[in-house]
Amino acid sequence: MATGEEKPVMVVGVDESEQSTYALEWTLDRFFAPYAPNFPFKLFIVHAKPNAVSAVGLAGPGTAEVVPYVDADLKHTAARVVDKAKALCQSKSVHGTVIEVFEGDARNILCEVVDKHHASLLVVGSHGYGAIKRAVLGSVSDYCAHHAHCSVMIVKKPKIKV
Amino acid sequence: MAKDQATAAMETSTVEKQPETREAETPSVTRTKRMMVAIDESDSSFYALQWVIDHFSTLLMTTEAESGMLTVVHVQSPFHHFAAFPAGPGGATVYASSSMIESVKKAQQETSAALLSRALQMCRAKQIRTETLVLEGDAKDMICQAVEQMHVDLLVVGSRGLGKIRRAFLGSVSDYCAHHANCPILIVKPPKGVD
């Protein structure tokens, strides 16, 4: 069923971190909330749930017993992330958003989702854990900035200037 | 190819429209007040400007009452007139004369003016509220400084620059700004096939 004009697609990658929530909220505030109900983009929110086996690693005997617990925990985290994202969208009256959960490494998942939806824009937060906090970009956002096939927006939580 | 196995979503949900609560209180809205686009002579930076104009025009148009401002910035690289030029045949070093400095400065100004007027034309065609800025110095530092001083909401850069290293995925200024700028940054990639 043709909807007339096609809206460009925006994909926002989220995990359970504060920076991610901040990035999603920032994006919703500036690019969606003021334009209700005619949003300028079609929004997909994507969470990459790490694979339980790869998260545990091959630690040796006893690994097989831990995996189901890790998996259950990861599923709970994923559910929390989805709920948080849904709540955030609804609080800003942004509807029609699709939230997807994939299993695998965030870097690859985000780049694949961009291709799958032919996204114009990928938005990610940035943890930047590192000794020199000011000058580090998280590994996922860095990877996406280099490898995604569309424009990438990296939203950093502003740091209080010391 | 086995690459397709990861693209099946485990779970998909859609955010439905909430029918209830007629609170009549508009949620606090944050408008984009200032977006900054850095341009130089590269095609990639002008493609970035065009991308912003195409996708974000609703936020920046002059017809909107509360639209933001698009600041187009060009950083001129400083001409080191105090640096000695290679020695001539007689071994005497030649320093830039003041007239040479003048002419180089003039050439730089003309280049900047041409770039910015091209940018302005692109913006005016879509009625974007625009201002231009010329800075002098090291591009990556000047851009990051301008972002802080002007309280920029979003910095936009192209992905490839003037460097000849095609293998690099991200130009050096864009890469530096992605790491060091204090505001969100948008890296605009050229369309596939233009590589």
# chains A, B, ... in the order shown; residues from 1 in each chain; ligands from 1
call {"tool": "interface_residues", "arguments": {"of": "chain B", "to": "chain A", "cutoff": "7 Å", "atoms": "only C-alpha atoms", "output": "list in words"}}
result
Ala9, Met10, Glu11, Thr12, Ser13, Thr14, Val15, Glu16, Lys17, Pro27, Val29, Thr30, Arg31, Thr32, Phe169, Leu170, His179, His180, Asn182, Cys183, Pro184, Ile185, Leu186, Ile187, Val188 and Lys189 of chain B
call {"tool": "write_last_selection", "arguments": {"atoms": "N, CA, C and O atoms", "output": "CSV table (one decimal), in the first residue's frame"}}
result
chain,number,residue,atom,x,y,z
B,9,ALA,N,15.1,-10.0,13.3
B,9,ALA,CA,15.0,-9.4,14.6
B,9,ALA,C,14.4,-10.4,15.6
B,9,ALA,O,13.5,-11.2,15.2
B,10,MET,N,14.9,-10.4,16.8
B,10,MET,CA,14.4,-11.3,17.8
B,10,MET,C,13.0,-10.8,18.2
B,10,MET,O,12.2,-11.6,18.6
B,11,GLU,N,12.9,-9.5,18.3
B,11,GLU,CA,11.7,-9.0,18.8
B,11,GLU,C,11.4,-7.6,18.2
B,11,GLU,O,12.3,-6.9,18.1
B,12,THR,N,10.2,-7.4,17.8
B,12,THR,CA,9.9,-6.1,17.2
B,12,THR,C,8.7,-5.6,17.9
B,12,THR,O,7.7,-6.3,18.1
B,13,SER,N,8.7,-4.3,18.3
B,13,SER,CA,7.5,-3.8,18.8
B,13,SER,C,7.3,-2.4,18.2
B,13,SER,O,8.3,-1.7,17.9
B,14,THR,N,6.1,-1.9,18.2
B,14,THR,CA,5.9,-0.6,17.7
B,14,THR,C,5.3,0.3,18.8
B,14,THR,O,4.5,-0.2,19.6
B,15,VAL,N,5.7,1.5,18.8
B,15,VAL,CA,5.2,2.4,19.8
B,15,VAL,C,3.8,2.9,19.3
B,15,VAL,O,3.7,3.6,18.3
B,16,GLU,N,2.8,2.6,20.0
B,16,GLU,CA,1.5,3.0,19.6
B,16,GLU,C,1.1,4.3,20.1
B,16,GLU,O,1.7,4.8,21.1
B,17,LYS,N,0.2,5.0,19.4
B,17,LYS,CA,-0.2,6.3,19.8
B,17,LYS,C,-1.1,6.2,21.0
B,17,LYS,O,-1.9,5.3,21.1
B,27,PRO,N,4.4,19.2,26.0
B,27,PRO,CA,5.7,18.8,26.6
B,27,PRO,C,6.8,19.8,26.2
B,27,PRO,O,6.7,20.4,25.1
B,29,VAL,N,9.6,21.6,24.7
B,29,VAL,CA,10.2,21.3,23.4
B,29,VAL,C,11.6,21.9,23.3
B,29,VAL,O,11.8,23.1,23.6
B,30,THR,N,12.6,21.1,22.9
B,30,THR,CA,13.9,21.7,22.7
B,30,THR,C,14.1,21.9,21.2
B,30,THR,O,14.2,20.9,20.5
B,31,ARG,N,14.2,23.1,20.8
B,31,ARG,CA,14.5,23.3,19.3
B,31,ARG,C,16.0,23.4,19.1
B,31,ARG,O,16.7,23.8,20.0
B,32,THR,N,16.4,23.1,17.9
B,32,THR,CA,17.8,23.2,17.6
B,32,THR,C,18.1,24.7,17.4
B,32,THR,O,17.5,25.3,16.5
B,169,PHE,N,39.0,5.9,6.3
B,169,PHE,CA,37.5,6.0,6.2
B,169,PHE,C,37.1,7.4,6.6
B,169,PHE,O,36.0,7.8,6.3
B,170,LEU,N,37.9,8.0,7.4
B,170,LEU,CA,37.4,9.3,7.9
B,170,LEU,C,38.6,10.3,7.8
B,170,LEU,O,39.7,10.0,8.2
B,179,HIS,N,36.1,13.0,18.1
B,179,HIS,CA,36.6,12.7,19.4
B,179,HIS,C,36.5,13.9,20.4
B,179,HIS,O,36.3,13.7,21.5
B,180,HIS,N,36.8,15.1,19.9
B,180,HIS,CA,37.0,16.2,20.8
B,180,HIS,C,35.9,17.2,20.9
B,180,HIS,O,35.9,18.0,21.8
B,182,ASN,N,32.7,19.2,21.8
B,182,ASN,CA,31.9,19.1,23.0
B,182,ASN,C,30.4,18.9,22.7
B,182,ASN,O,29.6,19.0,23.6
B,183,CYS,N,30.0,18.8,21.4
B,183,CYS,CA,28.6,18.7,21.1
B,183,CYS,C,28.4,17.5,20.2
B,183,CYS,O,29.4,16.9,19.8
B,184,PRO,N,27.2,17.1,20.0
B,184,PRO,CA,26.9,16.0,19.1
B,184,PRO,C,27.4,16.3,17.7
B,184,PRO,O,27.5,17.5,17.3
B,185,ILE,N,27.9,15.3,17.1
B,185,ILE,CA,28.5,15.5,15.7
B,185,ILE,C,27.9,14.6,14.7
B,185,ILE,O,27.6,13.4,15.0
B,186,LEU,N,27.6,15.2,13.5
B,186,LEU,CA,27.1,14.4,12.4
B,186,LEU,C,28.1,14.3,11.3
B,186,LEU,O,28.6,15.3,10.8
B,187,ILE,N,28.4,13.0,11.0
B,187,ILE,CA,29.4,12.8,9.9
B,187,ILE,C,28.6,12.3,8.7
B,187,ILE,O,28.0,11.3,8.7
B,188,VAL,N,28.7,13.1,7.7
B,188,VAL,CA,27.9,12.8,6.5
B,188,VAL,C,28.8,12.0,5.5
B,188,VAL,O,29.8,12.5,5.1
B,189,LYS,N,28.3,10.9,5.1
B,189,LYS,CA,29.0,10.0,4.2
B,189,LYS,C,28.6,10.3,2.8
B,189,LYS,O,27.4,10.5,2.5
call {"tool": "atom_distance", "arguments": {"atom1": "atom CA of B:Trp51", "atom2": "atom CA of B:Asp138"}}
result
25.1 Å
call {"tool": "residues_around", "arguments": {"residues": "B:Leu133", "least_positions_apart": "6", "cutoff": "7 Å", "atoms": "only C-alpha atoms", "output": "VMD selection string"}}
result
chain B and resid 72 to 74
call {"tool": "write_last_selection", "arguments": {"atoms": "C-alpha atoms", "output": "short mmCIF file (atom, residue, chain, number, x, y, z; two decimals), in the first residue's frame"}}
result
data_model
loop_
_atom_site.label_atom_id
_atom_site.label_comp_id
_atom_site.auth_asym_id
_atom_site.auth_seq_id
_atom_site.Cartn_x
_atom_site.Cartn_y
_atom_site.Cartn_z
CA VAL B 72 28.66 27.75 7.81
CA VAL B 73 32.25 27.99 8.90
CA HIS B 74 35.41 27.97 6.85
#
call {"tool": "atom_distance", "arguments": {"atom1": "atom CA of B:Glu66", "atom2": "atom CA of A:Glu6"}}
result
25.8 Å
